[in-house]
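Peer 1: Here you go, upload-v7.tsv (TSV, C-alpha atoms):
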chain	number	residue	atom	x	y	z
A	1	MET	CA	-58.70	-63.12	-142.50
A	2	ALA	CA	-57.53	-66.74	-142.85
A	3	GLU	CA	-54.30	-66.52	-144.83
A	4	PRO	CA	-53.24	-69.73	-146.62
A	5	TRP	CA	-49.72	-71.01	-145.93
A	6	LYS	CA	-48.59	-70.26	-149.48
A	7	THR	CA	-49.35	-66.57	-149.07
A	8	LEU	CA	-47.11	-66.16	-146.04
A	9	THR	CA	-43.76	-64.46	-146.47
A	10	ALA	CA	-40.56	-66.48	-146.23
A	11	GLN	CA	-39.85	-64.94	-142.84
A	12	GLN	CA	-43.31	-65.87	-141.54
A	13	GLN	CA	-42.97	-69.42	-142.88
A	14	GLN	CA	-39.60	-69.76	-141.24
A	15	ALA	CA	-40.92	-68.59	-137.88
A	16	LEU	CA	-44.00	-70.80	-138.08
A	17	ALA	CA	-42.30	-73.81	-139.70
A	18	PRO	CA	-43.48	-76.27	-136.98
A	19	LEU	CA	-47.07	-75.40	-137.93
A	20	ALA	CA	-46.70	-75.86	-141.69
A	21	SER	CA	-48.49	-79.22	-141.82
A	22	GLU	CA	-51.44	-78.14	-139.71
A	23	TRP	CA	-51.72	-74.50	-140.80
A	24	GLU	CA	-54.74	-75.13	-143.05
A	25	HIS	CA	-56.60	-76.67	-140.09
A	26	LEU	CA	-56.11	-73.67	-137.85
A	27	THR	CA	-58.93	-71.24	-137.34
A	28	GLY	CA	-58.66	-67.63	-138.47
A	29	THR	CA	-58.15	-66.50	-134.89
A	30	GLN	CA	-55.37	-69.02	-134.31
A	31	ARG	CA	-53.63	-67.96	-137.52
A	32	THR	CA	-53.87	-64.31	-136.52
A	33	GLU	CA	-52.28	-65.04	-133.16
A	34	MET	CA	-49.50	-67.09	-134.71
A	35	LEU	CA	-48.78	-64.41	-137.28
A	36	ALA	CA	-48.52	-61.84	-134.50
A	37	LEU	CA	-45.91	-64.04	-132.81
A	38	ALA	CA	-44.10	-64.55	-136.11
A	39	LYS	CA	-43.82	-60.78	-136.43
A	40	ARG	CA	-41.78	-60.67	-133.23
A	41	TYR	CA	-39.66	-63.70	-134.14
A	42	PRO	CA	-36.82	-61.83	-135.89
A	43	GLN	CA	-36.13	-59.73	-132.77
A	44	LEU	CA	-35.52	-62.80	-130.61
A	45	THR	CA	-32.16	-64.34	-129.81
A	46	PRO	CA	-31.38	-67.65	-131.56
A	47	ALA	CA	-31.97	-69.55	-128.32
A	48	ALA	CA	-35.34	-67.86	-127.80
A	49	GLN	CA	-36.29	-68.52	-131.42
A	50	ALA	CA	-35.51	-72.21	-130.97
A	51	ARG	CA	-37.61	-72.39	-127.80
A	52	MET	CA	-40.52	-70.65	-129.48
A	53	GLN	CA	-40.46	-73.03	-132.40
A	54	GLN	CA	-40.32	-76.04	-130.10
A	55	ARG	CA	-43.39	-74.87	-128.22
A	56	LEU	CA	-45.56	-73.49	-131.00
A	57	ALA	CA	-47.18	-76.83	-131.88
A	58	VAL	CA	-48.17	-77.36	-128.24
A	59	TRP	CA	-49.33	-73.78	-127.75
A	60	VAL	CA	-51.54	-73.68	-130.83
A	61	LYS	CA	-53.40	-76.83	-129.75
A	62	LEU	CA	-54.46	-75.32	-126.43
A	63	THR	CA	-57.97	-74.02	-126.08
A	64	PRO	CA	-58.43	-70.29	-125.51
A	65	GLU	CA	-59.29	-71.03	-121.88
A	66	GLN	CA	-56.11	-73.07	-121.42
A	67	ARG	CA	-54.02	-70.29	-122.94
A	68	LYS	CA	-55.70	-67.74	-120.71
A	69	ALA	CA	-55.00	-69.92	-117.65
A	70	ALA	CA	-51.37	-70.31	-118.71
A	71	ARG	CA	-51.02	-66.52	-119.04
A	72	GLU	CA	-52.44	-66.02	-115.57
A	73	LYS	CA	-50.02	-68.58	-114.13
A	74	TYR	CA	-47.12	-66.95	-115.90
A	75	LYS	CA	-48.08	-63.52	-114.62
A	76	ALA	CA	-48.37	-64.88	-111.08
A	77	PHE	CA	-45.01	-66.61	-111.37
A	78	SER	CA	-43.43	-63.39	-112.60
A	79	LYS	CA	-44.36	-61.74	-109.32
A	80	VAL	CA	-42.44	-64.33	-107.30
A	81	PRO	CA	-39.09	-62.95	-106.02
A	82	ALA	CA	-36.22	-63.45	-108.42
A	83	GLU	CA	-34.36	-65.81	-106.07
A	84	LYS	CA	-37.28	-68.19	-105.80
A	85	ARG	CA	-37.85	-68.05	-109.55
A	86	GLU	CA	-34.24	-69.03	-110.06
A	87	GLN	CA	-34.60	-71.91	-107.60
A	88	VAL	CA	-37.62	-73.23	-109.46
A	89	LYS	CA	-35.77	-72.86	-112.73
A	90	GLN	CA	-32.85	-74.89	-111.45
A	91	MET	CA	-35.12	-77.55	-109.99
A	92	VAL	CA	-36.89	-77.97	-113.27
A	93	THR	CA	-33.94	-77.78	-115.66
A	94	GLN	CA	-31.26	-79.62	-113.74
A	95	PRO	CA	-32.89	-83.08	-113.67
A	96	ALA	CA	-33.20	-82.87	-117.47
A	97	ALA	CA	-29.50	-82.03	-117.75
A	98	GLN	CA	-28.42	-84.96	-115.67
A	99	PRO	CA	-27.57	-88.16	-117.54
B	1	MET	CA	-62.30	8.14	-77.08
B	2	THR	CA	-63.08	6.13	-80.13
B	3	THR	CA	-64.76	7.58	-83.11
B	4	LYS	CA	-66.86	5.35	-85.31
B	5	LEU	CA	-67.03	6.58	-88.86
B	6	ASP	CA	-69.55	5.24	-91.26
B	7	PRO	CA	-68.65	4.85	-94.97
B	8	ASN	CA	-70.76	7.85	-95.97
B	9	LYS	CA	-68.83	10.09	-93.64
B	10	ILE	CA	-65.55	8.75	-94.99
B	11	VAL	CA	-66.66	9.55	-98.53
B	12	HIS	CA	-67.70	13.03	-97.39
B	13	ILE	CA	-64.32	13.63	-95.76
B	14	LEU	CA	-62.46	12.41	-98.84
B	15	ASN	CA	-64.55	14.59	-101.11
B	16	GLN	CA	-63.92	17.61	-98.90
B	17	SER	CA	-60.19	16.92	-98.88
B	18	THR	CA	-60.07	16.97	-102.68
B	19	GLN	CA	-61.09	20.61	-102.50
B	20	ASP	CA	-57.84	21.32	-100.68
B	21	LEU	CA	-55.77	19.89	-103.49
B	22	ASP	CA	-54.34	22.09	-106.16
B	23	SER	CA	-55.91	21.92	-109.59
B	24	GLU	CA	-52.96	20.13	-111.20
B	25	THR	CA	-52.95	17.29	-108.67
B	26	LEU	CA	-56.69	17.04	-108.91
B	27	SER	CA	-56.64	16.71	-112.68
B	28	ARG	CA	-53.92	14.05	-112.45
B	29	LEU	CA	-56.02	12.08	-110.01
B	30	GLN	CA	-59.03	12.37	-112.26
B	31	ARG	CA	-57.07	11.18	-115.30
B	32	ALA	CA	-55.65	8.22	-113.37
B	33	ARG	CA	-59.13	7.30	-112.18
B	34	ALA	CA	-60.52	7.51	-115.70
B	35	GLN	CA	-57.75	5.30	-117.05
B	36	ALA	CA	-58.26	2.73	-114.30
B	37	MET	CA	-62.00	2.67	-114.94
B	38	GLN	CA	-61.44	2.29	-118.67
B	39	HIS	CA	-58.95	-0.55	-118.16
B	40	GLN	CA	-61.29	-2.36	-115.80
B	41	ALA	CA	-64.21	-1.98	-118.19
B	42	GLY	CA	-62.15	-3.39	-121.08
B	43	THR	CA	-60.95	-6.39	-119.09
B	44	ALA	CA	-64.41	-7.15	-117.79
B	45	ARG	CA	-65.87	-6.93	-121.30
B	46	LEU	CA	-63.18	-9.28	-122.65
B	47	MET	CA	-63.86	-11.82	-119.92
B	48	GLN	CA	-67.57	-11.57	-120.61
B	49	LEU	CA	-67.07	-12.10	-124.33
B	50	ALA	CA	-64.67	-15.01	-123.81
B	51	GLY	CA	-67.03	-16.74	-121.43
B	52	HIS	CA	-70.02	-16.14	-123.66
B	53	ARG	CA	-68.14	-17.36	-126.74
B	54	TRP	CA	-66.95	-20.55	-125.08
B	55	MET	CA	-70.42	-21.23	-123.80
B	56	SER	CA	-71.83	-20.70	-127.28
B	57	VAL	CA	-69.31	-23.11	-128.76
B	58	LEU	CA	-69.54	-25.88	-126.16
B	59	VAL	CA	-73.25	-26.03	-125.45
B	60	PRO	CA	-75.43	-27.22	-128.32
B	61	HIS	CA	-78.42	-25.06	-129.03
B	62	THR	CA	-80.21	-26.67	-131.97
B	63	ALA	CA	-81.30	-30.25	-132.58
B	64	GLN	CA	-78.71	-30.54	-135.33
B	65	GLN	CA	-75.96	-29.47	-132.95
B	66	TRP	CA	-77.15	-32.01	-130.39
B	67	ILE	CA	-76.99	-34.76	-133.03
B	68	VAL	CA	-73.48	-33.72	-134.02
B	69	ALA	CA	-72.43	-33.65	-130.37
B	70	ALA	CA	-73.90	-37.12	-129.80
B	71	LEU	CA	-72.16	-38.49	-132.92
B	72	LEU	CA	-68.89	-36.98	-131.77
B	73	ALA	CA	-69.29	-38.54	-128.33
B	74	CYS	CA	-70.05	-41.94	-129.91
B	75	THR	CA	-67.02	-41.66	-132.18
B	76	LEU	CA	-64.78	-40.80	-129.25
B	77	ALA	CA	-66.16	-43.71	-127.24
B	78	ALA	CA	-65.65	-46.11	-130.16
B	79	GLY	CA	-62.11	-44.86	-130.66
B	80	ALA	CA	-61.32	-45.30	-126.99
B	81	GLY	CA	-62.76	-48.83	-127.09
B	82	TYR	CA	-60.74	-49.72	-130.16
B	83	TRP	CA	-57.57	-48.31	-128.60
B	84	TRP	CA	-58.15	-50.32	-125.43
B	85	GLN	CA	-58.75	-53.51	-127.43
B	86	GLN	CA	-55.59	-53.02	-129.50
B	87	ASN	CA	-53.60	-52.31	-126.36
B	88	HIS	CA	-54.99	-55.42	-124.68
B	89	HIS	CA	-54.25	-57.55	-127.74
B	90	GLN	CA	-50.68	-56.25	-127.84
B	91	HIS	CA	-50.25	-57.08	-124.16
B	92	VAL	CA	-51.51	-60.64	-124.75
B	93	ILE	CA	-49.09	-61.20	-127.62
B	94	GLU	CA	-46.18	-59.96	-125.50
B	95	LEU	CA	-47.17	-62.36	-122.75
B	96	ASP	CA	-47.43	-65.27	-125.19
B	97	GLU	CA	-43.98	-64.48	-126.51
B	98	GLN	CA	-42.57	-64.52	-122.98
B	99	ILE	CA	-44.20	-67.88	-122.23
B	100	LEU	CA	-42.98	-69.42	-125.47
B	101	THR	CA	-39.40	-68.20	-125.02
B	102	ASP	CA	-38.95	-68.52	-121.27
B	103	GLU	CA	-36.22	-70.82	-120.00
B	104	LEU	CA	-38.83	-72.68	-118.01
B	105	PRO	CA	-40.70	-75.40	-119.90
B	106	ILE	CA	-44.15	-74.45	-121.09
B	107	GLU	CA	-45.72	-77.44	-119.34
B	108	ILE	CA	-45.28	-75.69	-115.99
B	109	PHE	CA	-47.90	-73.17	-116.97
B	110	ILE	CA	-50.31	-75.59	-118.60
B	111	ASP	CA	-52.79	-77.70	-116.65
Show me, as structure tokens, the structure contained in the file I just sent.

Peer 2:
Amino acid sequence: MAEPWKTLTAQQQQALAPLASEWEHLTGTQRTEMLALAKRYPQLTPAAQARMQQRLAVWVKLTPEQRKAAREKYKAFSKVPAEKREQVKQMVTQPAAQP
Amino acid sequence: MTTKLDPNKIVHILNQSTQDLDSETLSRLQRARAQAMQHQAGTARLMQLAGHRWMSVLVPHTAQQWIVAALLACTLAAGAGYWWQQNHHQHVIELDEQILTDELPIEIFID
């Protein structure tokens, strides 16, 4: 069911705000997936909510195959020992923090 | 000297020995035997009935019963498939949420 943007609840619209302008161009499947994520939005911390909103526009543009590949990479990365995951995290985030 | 006794001889000896018992003891033994036989017959009959009943319930006999059984099997299979799909979908959404909220940038996981 392809729900128009106007029919979404205020909470759904808030969670999916970055997608407001392109919502009508999304397929029914994409909208269903985004609405499922919006349902979980209230349970997130403010920082996690901000990250989700920043990434939604990129995520929704990916093809199903790209999203599937990203999930597989994430699952593989989750199996890496915690120390190494932390090292990677620092390598990636620190250069961005430096002036 | 070893004596080999066959079962028939043992029965004969036991029967002879009952004649040495007093009448009261003999009647007690007979009553106990009758009760044991009755109890065993009742238990065996119950087991037979239970087995027969379960077999009658579980195994279809008529064409109509076979159709109902097949429909039930199809419904169960469809339900199991639906449950698996919902479970899988839920798992995918949880994974998406983790990717979108992880401290690592999303570009790391995208080609």

Peer 1: Per residue of chain B within 6 Å of chain A, note the shortest atom pair and the distance in Å to one decimal, counting all atoms listed in the file, and order the rows by chain and increasing residue number, as a Markdown table.

Peer 2:
| residue | atom | partner | partner_atom | distance |
| --- | --- | --- | --- | --- |
| B:Leu100 | CA | A:Met52 | CA | 4.9 |
| B:Thr101 | CA | A:Ala48 | CA | 4.9 |
| B:Phe109 | CA | A:Ala70 | CA | 4.8 |
| B:Ile110 | CA | A:Ala70 | CA | 5.4 |

Peer 1: Extract, using all atoms listed in the file, all DNA, RNA and protein residues at most 12 Å from Lys6 in chain A, discarding same-chain residues fewer than 3 positions from it, and format them as a list of chain:residue names.

Peer 2: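 Once the adjacent positions are removed, what remains is A:Ala2, A:Glu3, A:Thr9, A:Ala10, A:Gln12, A:Gln13, A:Ala20, A:Ser21, A:Trp23, A:Glu24.
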
Peer 1: Separation of CA of Thr63 in chain A and CA of Gln98 in chain B, in Å?

Peer 2: 18.4 Å

Peer 1: Record the distance separating CA of Gln85 in chain B and CA of Lys39 in chain A, expressed in Å with one decimal.

Peer 2: 18.9 Å

Peer 1: Rounded to one decimal place, report the CA of Gln90 in chain B-CA of Leu104 in chain B distance in Å.

Peer 2: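 Interatomic distance here is 22.5 Å.
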
Peer 1: Regenerate range 13-24 of chain B at the level of all heavy atoms and dump it as a CSV table (one decimal), in the coordinates of the input.

Peer 2:
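Output contents, as saved in out-v7.csv:
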chain,number,residue,atom,x,y,z
B,13,ILE,N,-65.6,13.1,-96.2
B,13,ILE,CA,-64.3,13.6,-95.8
B,13,ILE,C,-63.4,13.6,-96.9
B,13,ILE,O,-62.6,14.6,-97.2
B,13,ILE,CB,-63.7,12.9,-94.6
B,13,ILE,CG1,-64.6,13.1,-93.3
B,13,ILE,CG2,-62.3,13.2,-94.3
B,13,ILE,CD1,-64.3,12.2,-92.2
B,14,LEU,N,-63.4,12.5,-97.7
B,14,LEU,CA,-62.5,12.4,-98.8
B,14,LEU,C,-62.8,13.4,-99.9
B,14,LEU,O,-62.0,14.1,-100.5
B,14,LEU,CB,-62.5,11.0,-99.4
B,14,LEU,CG,-61.8,9.9,-98.7
B,14,LEU,CD1,-62.1,8.5,-99.3
B,14,LEU,CD2,-60.3,10.2,-98.7
B,15,ASN,N,-64.1,13.6,-100.1
B,15,ASN,CA,-64.6,14.6,-101.1
B,15,ASN,C,-64.2,16.0,-100.7
B,15,ASN,O,-63.7,16.8,-101.5
B,15,ASN,CB,-66.1,14.5,-101.3
B,15,ASN,CG,-66.5,13.3,-102.1
B,15,ASN,OD1,-65.6,12.8,-102.9
B,15,ASN,ND2,-67.7,12.9,-102.0
B,16,GLN,N,-64.3,16.3,-99.4
B,16,GLN,CA,-63.9,17.6,-98.9
B,16,GLN,C,-62.4,17.9,-99.1
B,16,GLN,O,-62.0,19.0,-99.4
B,16,GLN,CB,-64.3,17.7,-97.4
B,16,GLN,CG,-65.7,18.3,-97.2
B,16,GLN,CD,-65.9,18.7,-95.8
B,16,GLN,OE1,-65.4,18.1,-94.8
B,16,GLN,NE2,-66.7,19.7,-95.6
B,17,SER,N,-61.7,16.7,-98.8
B,17,SER,CA,-60.2,16.9,-98.9
B,17,SER,C,-59.7,17.2,-100.3
B,17,SER,O,-58.7,17.8,-100.5
B,17,SER,CB,-59.5,15.7,-98.3
B,17,SER,OG,-59.8,14.6,-99.1
B,18,THR,N,-60.5,16.7,-101.3
B,18,THR,CA,-60.1,17.0,-102.7
B,18,THR,C,-60.1,18.5,-103.0
B,18,THR,O,-59.5,18.9,-103.9
B,18,THR,CB,-60.9,16.2,-103.7
B,18,THR,OG1,-62.3,16.6,-103.5
B,18,THR,CG2,-60.8,14.7,-103.5
B,19,GLN,N,-61.0,19.2,-102.3
B,19,GLN,CA,-61.1,20.6,-102.5
B,19,GLN,C,-59.8,21.3,-102.0
B,19,GLN,O,-59.6,22.5,-102.5
B,19,GLN,CB,-62.3,21.2,-101.8
B,19,GLN,CG,-63.6,20.7,-102.4
B,19,GLN,CD,-64.8,21.0,-101.6
B,19,GLN,OE1,-64.7,21.7,-100.6
B,19,GLN,NE2,-66.0,20.5,-102.0
B,20,ASP,N,-59.1,20.7,-101.2
B,20,ASP,CA,-57.8,21.3,-100.7
B,20,ASP,C,-56.7,21.1,-101.6
B,20,ASP,O,-55.6,21.7,-101.5
B,20,ASP,CB,-57.5,20.8,-99.3
B,20,ASP,CG,-58.6,21.1,-98.3
B,20,ASP,OD1,-59.3,22.1,-98.5
B,20,ASP,OD2,-58.7,20.3,-97.3
B,21,LEU,N,-56.9,20.2,-102.6
B,21,LEU,CA,-55.8,19.9,-103.5
B,21,LEU,C,-55.7,21.0,-104.6
B,21,LEU,O,-56.7,21.6,-104.9
B,21,LEU,CB,-56.0,18.5,-104.2
B,21,LEU,CG,-56.0,17.3,-103.3
B,21,LEU,CD1,-56.4,16.1,-104.0
B,21,LEU,CD2,-54.6,17.1,-102.7
B,22,ASP,N,-54.5,21.1,-105.1
B,22,ASP,CA,-54.3,22.1,-106.2
B,22,ASP,C,-54.9,21.5,-107.4
B,22,ASP,O,-55.1,20.3,-107.6
B,22,ASP,CB,-52.9,22.5,-106.3
B,22,ASP,CG,-52.0,21.3,-106.7
B,22,ASP,OD1,-51.6,20.6,-105.7
B,22,ASP,OD2,-51.8,21.0,-107.9
B,23,SER,N,-55.2,22.3,-108.4
B,23,SER,CA,-55.9,21.9,-109.6
B,23,SER,C,-55.1,20.9,-110.4
B,23,SER,O,-55.7,20.0,-111.0
B,23,SER,CB,-56.2,23.1,-110.5
B,23,SER,OG,-55.0,23.8,-110.8
B,24,GLU,N,-53.8,21.1,-110.4
B,24,GLU,CA,-53.0,20.1,-111.2
B,24,GLU,C,-53.0,18.7,-110.6
B,24,GLU,O,-53.2,17.7,-111.3
B,24,GLU,CB,-51.5,20.6,-111.2
B,24,GLU,CG,-50.7,19.8,-112.2
B,24,GLU,CD,-49.2,20.2,-112.2
B,24,GLU,OE1,-48.9,21.3,-111.8
B,24,GLU,OE2,-48.4,19.4,-112.7
